[in-house]
Amino acid sequence: MDIATLIGLVAAFLLIAITIFIGGSAGAFINIPSLLITVGGGFSAAMAGFPMAEYIGGLKAFLKTINPGMPDPLETIDFLVDIAKRARKEGILSLESSIDDFYARDPFLGNVMRMLIDGLDISEIESNAEAAMAQIEQKLSTEAAVWETLGDLFPAFGMIGTLIGLIQMLQNLSDPSALGPGMAVAMITTLYGAILANVLCIPTTKKLKYYKDLTMTFKEAYLMTAQAIEKGSNPNILKQKLSGLFGVELKEE
Amino acid sequence: MDIATLIGLVAAFLLIAITIFIGGSAGAFINIPSLLITVGGGFSAAMAGFPMAEYIGGLKAFLKTINPGMPDPLETIDFLVDIAKRARKEGILSLESSIDDFYARDPFLGNVMRMLIDGLDISEIESNAEAAMAQIEQKLSTEAAVWETLGDLFPAFGMIGTLIGLIQMLQNLSDPSALGPGMAVAMITTLYGAILANVLCIPTTKKLKYYKDLTMTFKEAYLMTAQAIEKGSNPNILKQKLSGLFGVELKEE
Amino acid sequence: MDIATLIGLVAAFLLIAITIFIGGSAGAFINIPSLLITVGGGFSAAMAGFPMAEYIGGLKAFLKTINPGMPDPLETIDFLVDIAKRARKEGILSLESSIDDFYARDPFLGNVMRMLIDGLDISEIESNAEAAMAQIEQKLSTEAAVWETLGDLFPAFGMIGTLIGLIQMLQNLSDPSALGPGMAVAMITTLYGAILANVLCIPTTKKLKYYKDLTMTFKEAYLMTAQAIEKGSNPNILKQKLSGLFGVELKEE
Amino acid sequence: MDIATLIGLVAAFLLIAITIFIGGSAGAFINIPSLLITVGGGFSAAMAGFPMAEYIGGLKAFLKTINPGMPDPLETIDFLVDIAKRARKEGILSLESSIDDFYARDPFLGNVMRMLIDGLDISEIESNAEAAMAQIEQKLSTEAAVWETLGDLFPAFGMIGTLIGLIQMLQNLSDPSALGPGMAVAMITTLYGAILANVLCIPTTKKLKYYKDLTMTFKEAYLMTAQAIEKGSNPNILKQKLSGLFGVELKEE
Amino acid sequence: MDIATLIGLVAAFLLIAITIFIGGSAGAFINIPSLLITVGGGFSAAMAGFPMAEYIGGLKAFLKTINPGMPDPLETIDFLVDIAKRARKEGILSLESSIDDFYARDPFLGNVMRMLIDGLDISEIESNAEAAMAQIEQKLSTEAAVWETLGDLFPAFGMIGTLIGLIQMLQNLSDPSALGPGMAVAMITTLYGAILANVLCIPTTKKLKYYKDLTMTFKEAYLMTAQAIEKGSNPNILKQKLSGLFGVELKEE
């Protein structure tokens with residue numbers, strides 16, 4: 001559970017709501033056609049910029065900013081070092097019995113271990129793992145790109161809505177008293193666009209990129225473990241290397 | 001058929017049209033001279049930024065965002081693994097009979113296989129393939145760049161049109177009642193520029209870049225297959241590698 | 001103590017205060033709800049863009065711009081060259097007695113020396129040190145990124161506050177005399193956003209990036225020393241190399 | 001002759017002129033002091049950003065966008081393959097007789113062939129050619145940078161002119177009827193800046209970058225030919241490689 | 001002496017002054033408090049973004065845009081080729097007598113030659129020289145970054161000044177006749193910021209980056225000469241290589 005996302009989003013929306021309520025006439029800030037053009041337009045144009053499956057996957061990735069489901073680095077280090085110890089003592093083939101655990105933890109880990117147990121050359125394993133990592137990174141980058149694109153398009157459609165409103169208002173200046181409210185309505189789409197971009201899209205993009213980097217660090221740790229097992233190197237050195245990779249302090253040792 | 005492009009573009013244009021109709025006086029939003037300066041100006045200035053052939057090719061590439069004509073990754077993996085199996089069993093020269101199929105599927109695949117059958121050194125094949133891939137990537141990047149340039153120039157000519165309109169309006173302030181409609185007309189070019197850029201050009205640029213990356217992944221898969229055949233490596237390992245490259249899950253194996 | 005930060009920040013804030021006082025009516029520039037939406041909104045949305053621990057760490061990093069706590073390059077060069085001399089004369093194991101000093105100076109230096117004394121292969125040491133350096137650089141980059149994000153979000157929430165204020169003002173145009181002060185209040189959030197971004201966030205981001213680069217230079221110097229000790233190279237050549245790395249002129253030699 | 005530049009520039013300027021004439025009062029759009037500050041200011045500030053020789057060279061490079069003087073890729077491939085064939089049949093020294101042709105075609109080609117005939121080591125030739133190519137690319141990049149800088153500075157001086165005009169107008173509000181024309185004049189510099197940047201500078205920058213890349217492709221082709229001759233490889237393979245490099249289809253083969 | 005800087009800066013400032021004088025009321029464009037907030041604020045906030053020594057060094061670097069003090073490439077090539085010839089004929093130790101000349105010309109050249117004469121391994125010399133070059137490039141980049149930062153902060157403080165002025169004006173609308181002059185004063189800070197950024201900071205940043213690249217080319221030439229001497233290669237080949245590096249045509253040879 002990522003509490004920073006929850007607290008941050010709720011607090012930002014609350015502060016905007018409070019600002020609106022302090023000034024009174026809060027009802028004026030809800031306008032369905034304005035919502036339609038800004039939100040609908042932004043979502044539609046962004047859809048045209050991605051293949052459908054990638055677009056829907058990117059939208060769903062928002063949930064990861066609240067519940068990233070990342071393993072714990074310290075627990076992962078212990079787990080990987082235990083594997084390395086076992087492989088050193090009982091041989092690589094002894095890992096066969098845990099292969100389902102590996103797949104359950106991470107299909108990527110499972111594939112790497114599968115190849116190791118099958119006796120593939122380490123350079124083949126590395127080349128396969130790197131192709132898969134490039135593909136995973138590409139997929140996670142696309143998820144962040146969906147929200148980055150929305151963060152550009154919501155304000156753009158907010159501006160389009162405001163331009164449409166202004167043009168309509170300017171062509172009917174017969175009633176001067178309608179000028180102010182007319183402009184107010186026109187400006188609401190710009191406000192919607194600015195709020196959606198800065199409260200929702202920009203933080204979501206940043207957090208998805210953060211978790212993308214963290215995900216790739218886990219994949220690197222899995223590959224590093226396979227390399228250490230294959231080389232038969234000291235599990236304590238692997239432990240130190242993994243803790244450096246994750247930037248965590250190890251208590252004992 | 002890329003339905004995301006179709007649905008996204010149609011929905012975005014519809015939402016804009018609905019917003020205009022709700023506000024009434026939809027006729028005021030159609031202005032031929034405004035269309036001329038924004039659309040014509042943007043297309044003309046973009047033309048000056050590319051050689052003619054590249055420019056026309058870039059414009060035509062818009063069709064790819066609707067009908068990308070990409071092969072299916074899973075079917076391609078099966079096809080390439082079958083080739084590798086055949087070459088392993090019957091020898092590389094047995095591929096000679098299918099060379100026309102290779103060229104029909106993709107001239108790049110045909111060339112690579114041609115060189116393989118002709119017995120060229122693998123480093124020669126790689127170096128030739130990489131030169132061709134760089135050239136293909138360059139060409140596809142230019143196609144996306146045409147739309148990126150249009151996405152910059154349509155709003156710029158929208159602004160130029162608005163400035164011209166405002167200057168003309170400001171020099172004839174004798175009739176105050178003409179002020180509003182005058183400004184409305186001036187602002188229409190900015191609206192046109194914003195719509196063209198955000199609904200058409202930005203999504204098109206993004207999708208062309210997406211398909212460029214996917215196209216290059218196919219070329220890499222073809223080269224990877226040639227390398228595997230030349231090395232005589234196990235077709236199952238090639239299969240795993242290709243599925244990692246495309247990021248697809250293989251059912252059986 | 002980094003006096004440029006102190007003098008720069010104080011002078012910039014003073015100049016803004018003086019400008020406000022010269023124009024009179026300074027009280028009009030303090031508006032609690034405006035402060036709330038700009039500052040609170042910016043901090044909240046930025047929080048949603050980072051994991052909580054990284055966010056709080058990034059905010060705390062502001063203190064580094066005033067008190068960076070960087071070692072002196074010249075003193076560090078002498079210290080490292082002395083280590084190299086001792087290791088050359090008395091053997092690498094003689095460094096064991098100073099290992100606590102190394103850890104006190106910099107845990108990274110301690111770890112590198114620990115590995116050197118333990119007799120690890122230099123390529124293992126390098127690979128471990130580089131993993132740790134990548135992690136340290138990542139952490140320091142995130143600190144700078146927190147302030148870069150705030151520098152984007154404060155002006156954005158300033159604009160959101162101004163839009164809310166303008167919309168409220170435009171819907172109540174019955175009293176024309178309230179128009180001016182209404183717009184004035186609306187514009188205060190934009191002013192707050194501009195001041196926070198340009199006086200606080202942009203300089204802080206730049207300085208954190210500067211100290212990040214300098215920190216990495218120290219880590220490189222520590223690793224370079226370990227390499228020189230392991231190779232048994234002349235301490236004078238190490239001295240020259242370190243002075244080149246830090247870009248300092250050496251007096252004697 | 002690059003007809004896209006000609007047609008594009010002429011069409012864009014014509015469309016702007018037509019838009020102005022349709023609105024009437026075209027004379028109002030010609031204002032010598034406005035032209036002076038926008039055009040003169042932009043050219044002057046850009047001059048301060050480059051050494052004199054590079055600046056004048058960059059300005060002159062505009063002619064290349066109309067008359068690029070690029071050799072034909074197909075003809076060049078034939079020419080280079082013929083050289084390779086001759087060198088293979090009659091020996092490298094037989095190229096001595098054509099050295100003036102090489103220099104006439106391209107001094108870079110001349111130098112590379114000169115070194116080849118003189119019997120320099122191929123790694124020496126490559127290292128010299130790469131230093132020269134880096135320098136040529138640097139020079140062509142600077143030419144594009146001059147126009148990119150102008151494309152930033154013309155709108156900036158347009159804005160400076162508008163600010164000066166607005167400040168002068170605002171200080172003399174005694175005659176309200178002068179307000180409109182005053183603002184109109186002030187806005188003309190912004191219009192000039194926008195037209196110069198978007199019609200002239202941005203397309204010119206793009207096209208100069210395009211020809212820079214094409215020029216470097218020719219240099220690569222010349223070096224590739226020298227490498228093939230030195231290695232004594234099959235001219236048909238060189239032909240295939242060159243056609244991949246230029247992305248052209250070869251008819252016969 | 002870099003005449004492009006002098007002519008460019010003087011012409012741009014003159015054109016602005018002429019534009020102001022043509023419009024009359026030039027006195028209105030000089031406003032001490034506006035100057036204070038724009039110039040003082042920009043300098044203060046930029047100071048907070050760099051350590052004091054780097055900031056002052058960066059400001060002083062402005063003088064280099066007028067008097068860059070760069071050696072002449074052709075003369076430098078002759079000088080370096082002469083060294084190489086002497087070293088080849090009389091041995092590397094014969095350069096000992098000229099070591100003070102080398103240091104006087106460029107401390108970097110002196111250090112490289114010192115190491116060469118002292119008989120250091122060429123890979124040690126390269127590694128030391130590259131560490132020093134990275135440090136020199138870092139230092140020159142920081143100088144350009146100071147002016148780039150000022151180019152961002154002057155317009156930002158111009159906007160802050162304008163916002164303060166507008167807010168003060170809007171709160172005192174009792175006297176409508178003061179509206180125009182009030183807005184005029186408010187806009188002066190924006191004008192100051194735009195002029196400082198576009199006339200002074202942007203060209204200075206560009207020119208400092210240009211001289212940074214040129215300085216690094218000279219360092220590369222010095223290192224290249226040391227490499228050629230160590231390898232004992234033909235001085236004529238060095239001459240050709242250096243002329244390629246600098247992109248100059250050699251007359252005789």
# chains A, B, ... in the order shown; residues from 1 in each chain; ligands from 1
>>> closest_atom_pairs(of="chain D", to="chain B", cutoff="8 Å", atoms="only C-alpha atoms", output="Markdown table")
| residue | atom | partner | partner_atom | distance |
| --- | --- | --- | --- | --- |
| D:Asp2 | CA | B:Pro51 | CA | 6.7 |
| D:Ile3 | CA | B:Met52 | CA | 7.1 |
| D:Ala4 | CA | B:Met52 | CA | 5.0 |
| D:Thr5 | CA | B:Ala48 | CA | 4.0 |
| D:Leu6 | CA | B:Ala48 | CA | 7.0 |
| D:Ile7 | CA | B:Ala48 | CA | 7.2 |
| D:Gly8 | CA | B:Ser44 | CA | 4.3 |
| D:Leu9 | CA | B:Ala48 | CA | 6.0 |
| D:Ala11 | CA | B:Ser44 | CA | 5.9 |
| D:Ala12 | CA | B:Gly41 | CA | 4.9 |
| D:Leu15 | CA | B:Ile37 | CA | 5.8 |
| D:Ile16 | CA | B:Ile37 | CA | 6.5 |
| D:Thr19 | CA | B:Pro33 | CA | 6.6 |
| D:Ile20 | CA | B:Ile164 | CA | 6.7 |
| D:Gly23 | CA | B:Gln168 | CA | 6.8 |
| D:Gly24 | CA | B:Gln168 | CA | 7.7 |
| D:Ser25 | CA | B:Gln168 | CA | 7.3 |
| D:Ser177 | CA | B:Leu173 | CA | 7.9 |
| D:Gly180 | CA | B:Leu170 | CA | 4.5 |
| D:Pro181 | CA | B:Gln171 | CA | 4.8 |
| D:Met183 | CA | B:Leu170 | CA | 7.0 |
| D:Ala184 | CA | B:Ile167 | CA | 4.6 |
| D:Val185 | CA | B:Ile167 | CA | 7.6 |
| D:Met187 | CA | B:Ile167 | CA | 6.9 |
| D:Ile188 | CA | B:Ile167 | CA | 7.4 |
| D:Leu191 | CA | B:Leu163 | CA | 6.1 |
| D:Ala194 | CA | B:Ile160 | CA | 6.6 |
| D:Ile195 | CA | B:Ile160 | CA | 6.9 |
| D:Asn198 | CA | B:Ala156 | CA | 6.8 |
| D:Val199 | CA | B:Ala45 | CA | 5.4 |
| D:Leu200 | CA | B:Ala45 | CA | 7.9 |
| D:Ile202 | CA | B:Gly49 | CA | 7.4 |
| D:Pro203 | CA | B:Gly49 | CA | 3.9 |
| D:Thr204 | CA | B:Gly49 | CA | 6.2 |
| D:Thr205 | CA | B:Gly49 | CA | 7.6 |
| D:Lys206 | CA | B:Gly49 | CA | 5.2 |
| D:Lys207 | CA | B:Gly49 | CA | 4.9 |
| D:Tyr210 | CA | B:Phe50 | CA | 7.4 |
| D:Gln240 | CA | B:Asn128 | CA | 7.6 |
| D:Lys241 | CA | B:Asn128 | CA | 5.3 |
| D:Gly244 | CA | B:Ala132 | CA | 4.4 |
| D:Leu245 | CA | B:Ala131 | CA | 5.2 |
| D:Phe246 | CA | B:Gln135 | CA | 6.8 |
| D:Gly247 | CA | B:Gln135 | CA | 5.6 |
>>> residues_around(residues="Gly193 of chain B", least_positions_apart="3", cutoff="6 Å", atoms="only C-alpha atoms", output="list in words")
Phe154, Pro155, Gly158, Thr190 and Leu196 of chain B
>>> write_last_selection(atoms="N, CA and C atoms", output="PDB file, in the first residue's frame")
ATOM      1  N   PHE B 154       0.689  23.857 -36.884  1.00  0.00           N
ATOM      2  CA  PHE B 154      -0.733  24.234 -36.916  1.00  0.00           C
ATOM      3  C   PHE B 154      -1.061  25.254 -35.820  1.00  0.00           C
ATOM      4  N   PRO B 155      -0.679  25.015 -34.553  1.00  0.00           N
ATOM      5  CA  PRO B 155      -0.948  26.047 -33.536  1.00  0.00           C
ATOM      6  C   PRO B 155      -0.204  27.348 -33.829  1.00  0.00           C
ATOM      7  N   GLY B 158      -2.172  29.039 -36.315  1.00  0.00           N
ATOM      8  CA  GLY B 158      -3.372  29.497 -35.615  1.00  0.00           C
ATOM      9  C   GLY B 158      -3.106  30.821 -34.913  1.00  0.00           C
ATOM     10  N   THR B 190      -6.877  30.108 -33.760  1.00  0.00           N
ATOM     11  CA  THR B 190      -6.210  29.473 -32.615  1.00  0.00           C
ATOM     12  C   THR B 190      -6.919  28.170 -32.256  1.00  0.00           C
ATOM     13  N   LEU B 196      -6.362  20.674 -34.398  1.00  0.00           N
ATOM     14  CA  LEU B 196      -5.543  19.871 -35.318  1.00  0.00           C
ATOM     15  C   LEU B 196      -4.345  19.259 -34.605  1.00  0.00           C
TER      16      LEU B 196
END
>>> atom_distance(atom1="atom CA of Glu143 of chain A", atom2="atom CA of Asp213 of chain A")
12.9 Å
>>> atom_distance(atom1="atom CA of Ile237 of chain C", atom2="atom CA of Asp121 of chain E")
11.1 Å
>>> atom_distance(atom1="atom CA of Asp78 of chain D", atom2="atom CA of Lys212 of chain D")
22.4 Å
>>> residues_around(residues="segment 234-236 of chain A", least_positions_apart="3", cutoff="8 Å", atoms="only C-alpha atoms", output="list of chain:residue names")
A:Val81, A:Ala84, A:Lys85, A:Ala228, A:Lys239, A:Gln240
>>> write_last_selection(atoms="all heavy atoms", output="PDB file, in the first residue's frame")
ATOM      1  N   VAL A  81      19.803 -15.105  -1.495  1.00  0.00           N
ATOM      2  CA  VAL A  81      21.048 -15.617  -0.920  1.00  0.00           C
ATOM      3  C   VAL A  81      20.843 -17.064  -0.465  1.00  0.00           C
ATOM      4  O   VAL A  81      21.740 -17.912  -0.634  1.00  0.00           O
ATOM      5  CB  VAL A  81      21.515 -14.704   0.232  1.00  0.00           C
ATOM      6  CG1 VAL A  81      22.685 -15.339   0.987  1.00  0.00           C
ATOM      7  CG2 VAL A  81      21.918 -13.342  -0.311  1.00  0.00           C
ATOM      8  N   ALA A  84      21.181 -19.228  -3.437  1.00  0.00           N
ATOM      9  CA  ALA A  84      22.583 -19.360  -3.830  1.00  0.00           C
ATOM     10  C   ALA A  84      23.304 -20.342  -2.900  1.00  0.00           C
ATOM     11  O   ALA A  84      24.123 -21.155  -3.347  1.00  0.00           O
ATOM     12  CB  ALA A  84      23.261 -17.986  -3.809  1.00  0.00           C
ATOM     13  N   LYS A  85      22.994 -20.263  -1.589  1.00  0.00           N
ATOM     14  CA  LYS A  85      23.641 -21.183  -0.626  1.00  0.00           C
ATOM     15  C   LYS A  85      23.269 -22.627  -0.935  1.00  0.00           C
ATOM     16  O   LYS A  85      24.110 -23.516  -0.959  1.00  0.00           O
ATOM     17  CB  LYS A  85      23.204 -20.828   0.791  1.00  0.00           C
ATOM     18  CG  LYS A  85      23.987 -19.660   1.379  1.00  0.00           C
ATOM     19  CD  LYS A  85      23.545 -19.360   2.798  1.00  0.00           C
ATOM     20  CE  LYS A  85      24.283 -18.143   3.353  1.00  0.00           C
ATOM     21  NZ  LYS A  85      23.521 -17.489   4.423  1.00  0.00           N
ATOM     22  N   ALA A 228      25.707 -15.479 -10.158  1.00  0.00           N
ATOM     23  CA  ALA A 228      26.525 -15.881  -9.010  1.00  0.00           C
ATOM     24  C   ALA A 228      26.464 -17.392  -8.812  1.00  0.00           C
ATOM     25  O   ALA A 228      27.480 -18.037  -8.533  1.00  0.00           O
ATOM     26  CB  ALA A 228      26.040 -15.159  -7.757  1.00  0.00           C
ATOM     27  N   LYS A 239      25.374 -11.412  -1.341  1.00  0.00           N
ATOM     28  CA  LYS A 239      24.539 -10.654  -0.410  1.00  0.00           C
ATOM     29  C   LYS A 239      24.951  -9.180  -0.392  1.00  0.00           C
ATOM     30  O   LYS A 239      24.114  -8.277  -0.470  1.00  0.00           O
ATOM     31  CB  LYS A 239      24.678 -11.257   0.985  1.00  0.00           C
ATOM     32  CG  LYS A 239      23.701 -10.666   1.988  1.00  0.00           C
ATOM     33  CD  LYS A 239      23.717 -11.455   3.281  1.00  0.00           C
ATOM     34  CE  LYS A 239      22.526 -11.061   4.136  1.00  0.00           C
ATOM     35  NZ  LYS A 239      22.443 -11.945   5.319  1.00  0.00           N
ATOM     36  N   GLN A 240      26.267  -8.943  -0.318  1.00  0.00           N
ATOM     37  CA  GLN A 240      26.772  -7.575  -0.289  1.00  0.00           C
ATOM     38  C   GLN A 240      26.409  -6.840  -1.581  1.00  0.00           C
ATOM     39  O   GLN A 240      25.987  -5.684  -1.568  1.00  0.00           O
ATOM     40  CB  GLN A 240      28.296  -7.650  -0.159  1.00  0.00           C
ATOM     41  CG  GLN A 240      28.903  -6.474   0.567  1.00  0.00           C
ATOM     42  CD  GLN A 240      30.374  -6.695   0.844  1.00  0.00           C
ATOM     43  OE1 GLN A 240      30.849  -7.836   0.825  1.00  0.00           O
ATOM     44  NE2 GLN A 240      31.084  -5.614   1.104  1.00  0.00           N
TER      45      GLN A 240
END
>>> residues_around(residues="Thr215 of chain A", least_positions_apart="5", cutoff="12 Å", atoms="only C-alpha atoms", output="JSON, numbers by chain")
{"A": [64, 68, 69, 70, 71, 72, 73, 106, 108, 133, 136, 137, 139, 140, 141, 208, 209, 210, 220, 221, 222, 246]}
>>> write_last_selection(atoms="N, CA, C and O atoms", output="PDB file, in the first residue's frame")
ATOM      1  N   LYS A  64      -1.522   0.573  -9.617  1.00  0.00           N
ATOM      2  CA  LYS A  64      -0.196   0.294  -9.067  1.00  0.00           C
ATOM      3  C   LYS A  64       0.340   1.452  -8.226  1.00  0.00           C
ATOM      4  O   LYS A  64       1.196   1.258  -7.366  1.00  0.00           O
ATOM      5  N   PRO A  68       1.298  -0.960  -5.204  1.00  0.00           N
ATOM      6  CA  PRO A  68       2.328  -1.372  -6.166  1.00  0.00           C
ATOM      7  C   PRO A  68       2.654  -2.863  -6.112  1.00  0.00           C
ATOM      8  O   PRO A  68       3.165  -3.395  -7.095  1.00  0.00           O
ATOM      9  N   GLY A  69       2.367  -3.520  -4.975  1.00  0.00           N
ATOM     10  CA  GLY A  69       2.636  -4.960  -4.911  1.00  0.00           C
ATOM     11  C   GLY A  69       4.085  -5.319  -5.144  1.00  0.00           C
ATOM     12  O   GLY A  69       4.386  -6.321  -5.805  1.00  0.00           O
ATOM     13  N   MET A  70       4.992  -4.483  -4.617  1.00  0.00           N
ATOM     14  CA  MET A  70       6.419  -4.743  -4.784  1.00  0.00           C
ATOM     15  C   MET A  70       6.897  -5.666  -3.660  1.00  0.00           C
ATOM     16  O   MET A  70       6.498  -5.481  -2.506  1.00  0.00           O
ATOM     17  N   PRO A  71       7.775  -6.648  -3.961  1.00  0.00           N
ATOM     18  CA  PRO A  71       8.342  -7.453  -2.874  1.00  0.00           C
ATOM     19  C   PRO A  71       9.230  -6.580  -1.989  1.00  0.00           C
ATOM     20  O   PRO A  71       9.659  -5.495  -2.388  1.00  0.00           O
ATOM     21  N   ASP A  72       9.498  -7.068  -0.781  1.00  0.00           N
ATOM     22  CA  ASP A  72      10.362  -6.346   0.138  1.00  0.00           C
ATOM     23  C   ASP A  72      11.826  -6.612  -0.229  1.00  0.00           C
ATOM     24  O   ASP A  72      12.239  -7.771  -0.363  1.00  0.00           O
ATOM     25  N   PRO A  73      12.641  -5.572  -0.424  1.00  0.00           N
ATOM     26  CA  PRO A  73      14.042  -5.791  -0.824  1.00  0.00           C
ATOM     27  C   PRO A  73      14.796  -6.689   0.163  1.00  0.00           C
ATOM     28  O   PRO A  73      15.483  -7.629  -0.255  1.00  0.00           O
ATOM     29  N   ASP A 106       7.852 -14.584  -9.317  1.00  0.00           N
ATOM     30  CA  ASP A 106       8.024 -13.718 -10.488  1.00  0.00           C
ATOM     31  C   ASP A 106       8.310 -14.605 -11.699  1.00  0.00           C
ATOM     32  O   ASP A 106       9.303 -15.331 -11.701  1.00  0.00           O
ATOM     33  N   PHE A 108       9.599 -14.003 -14.406  1.00  0.00           N
ATOM     34  CA  PHE A 108      10.941 -13.740 -14.921  1.00  0.00           C
ATOM     35  C   PHE A 108      11.974 -14.559 -14.150  1.00  0.00           C
ATOM     36  O   PHE A 108      12.862 -15.196 -14.740  1.00  0.00           O
ATOM     37  N   MET A 133      13.998  -8.407 -20.304  1.00  0.00           N
ATOM     38  CA  MET A 133      14.008  -7.172 -19.508  1.00  0.00           C
ATOM     39  C   MET A 133      13.709  -5.952 -20.368  1.00  0.00           C
ATOM     40  O   MET A 133      12.993  -5.042 -19.941  1.00  0.00           O
ATOM     41  N   ILE A 136      10.030  -5.911 -20.837  1.00  0.00           N
ATOM     42  CA  ILE A 136       9.305  -5.508 -19.622  1.00  0.00           C
ATOM     43  C   ILE A 136       9.440  -4.003 -19.416  1.00  0.00           C
ATOM     44  O   ILE A 136       8.464  -3.306 -19.128  1.00  0.00           O
ATOM     45  N   GLU A 137      10.654  -3.496 -19.593  1.00  0.00           N
ATOM     46  CA  GLU A 137      10.861  -2.054 -19.416  1.00  0.00           C
ATOM     47  C   GLU A 137      10.034  -1.263 -20.425  1.00  0.00           C
ATOM     48  O   GLU A 137       9.438  -0.237 -20.096  1.00  0.00           O
ATOM     49  N   LYS A 139       7.215  -2.168 -21.745  1.00  0.00           N
ATOM     50  CA  LYS A 139       5.803  -2.245 -21.349  1.00  0.00           C
ATOM     51  C   LYS A 139       5.517  -1.260 -20.210  1.00  0.00           C
ATOM     52  O   LYS A 139       4.517  -0.523 -20.246  1.00  0.00           O
ATOM     53  N   LEU A 140       6.401  -1.218 -19.215  1.00  0.00           N
ATOM     54  CA  LEU A 140       6.176  -0.316 -18.077  1.00  0.00           C
ATOM     55  C   LEU A 140       6.349   1.138 -18.502  1.00  0.00           C
ATOM     56  O   LEU A 140       5.660   2.029 -17.986  1.00  0.00           O
ATOM     57  N   SER A 141       7.248   1.394 -19.454  1.00  0.00           N
ATOM     58  CA  SER A 141       7.398   2.758 -19.963  1.00  0.00           C
ATOM     59  C   SER A 141       6.128   3.204 -20.677  1.00  0.00           C
ATOM     60  O   SER A 141       5.722   4.363 -20.575  1.00  0.00           O
ATOM     61  N   LEU A 208       4.725   5.894 -11.549  1.00  0.00           N
ATOM     62  CA  LEU A 208       4.876   4.716 -12.419  1.00  0.00           C
ATOM     63  C   LEU A 208       6.318   4.576 -12.901  1.00  0.00           C
ATOM     64  O   LEU A 208       6.845   3.466 -13.013  1.00  0.00           O
ATOM     65  N   LYS A 209       6.958   5.714 -13.183  1.00  0.00           N
ATOM     66  CA  LYS A 209       8.365   5.641 -13.596  1.00  0.00           C
ATOM     67  C   LYS A 209       9.230   5.150 -12.436  1.00  0.00           C
ATOM     68  O   LYS A 209      10.170   4.383 -12.634  1.00  0.00           O
ATOM     69  N   TYR A 210       8.914   5.607 -11.207  1.00  0.00           N
ATOM     70  CA  TYR A 210       9.670   5.147 -10.042  1.00  0.00           C
ATOM     71  C   TYR A 210       9.542   3.639  -9.892  1.00  0.00           C
ATOM     72  O   TYR A 210      10.534   2.934  -9.713  1.00  0.00           O
ATOM     73  N   GLU A 220      17.165  -7.263 -12.254  1.00  0.00           N
ATOM     74  CA  GLU A 220      18.633  -7.316 -12.231  1.00  0.00           C
ATOM     75  C   GLU A 220      19.125  -8.193 -11.089  1.00  0.00           C
ATOM     76  O   GLU A 220      20.103  -8.928 -11.237  1.00  0.00           O
ATOM     77  N   ALA A 221      18.456  -8.083  -9.937  1.00  0.00           N
ATOM     78  CA  ALA A 221      18.861  -8.896  -8.781  1.00  0.00           C
ATOM     79  C   ALA A 221      18.693 -10.384  -9.088  1.00  0.00           C
ATOM     80  O   ALA A 221      19.532 -11.206  -8.725  1.00  0.00           O
ATOM     81  N   TYR A 222      17.590 -10.738  -9.773  1.00  0.00           N
ATOM     82  CA  TYR A 222      17.363 -12.147 -10.116  1.00  0.00           C
ATOM     83  C   TYR A 222      18.455 -12.656 -11.064  1.00  0.00           C
ATOM     84  O   TYR A 222      18.998 -13.740 -10.892  1.00  0.00           O
ATOM     85  N   PHE A 246      20.256  -2.633  -4.055  1.00  0.00           N
ATOM     86  CA  PHE A 246      19.014  -2.069  -3.523  1.00  0.00           C
ATOM     87  C   PHE A 246      19.265  -0.876  -2.605  1.00  0.00           C
ATOM     88  O   PHE A 246      18.312  -0.195  -2.208  1.00  0.00           O
TER      89      PHE A 246
END
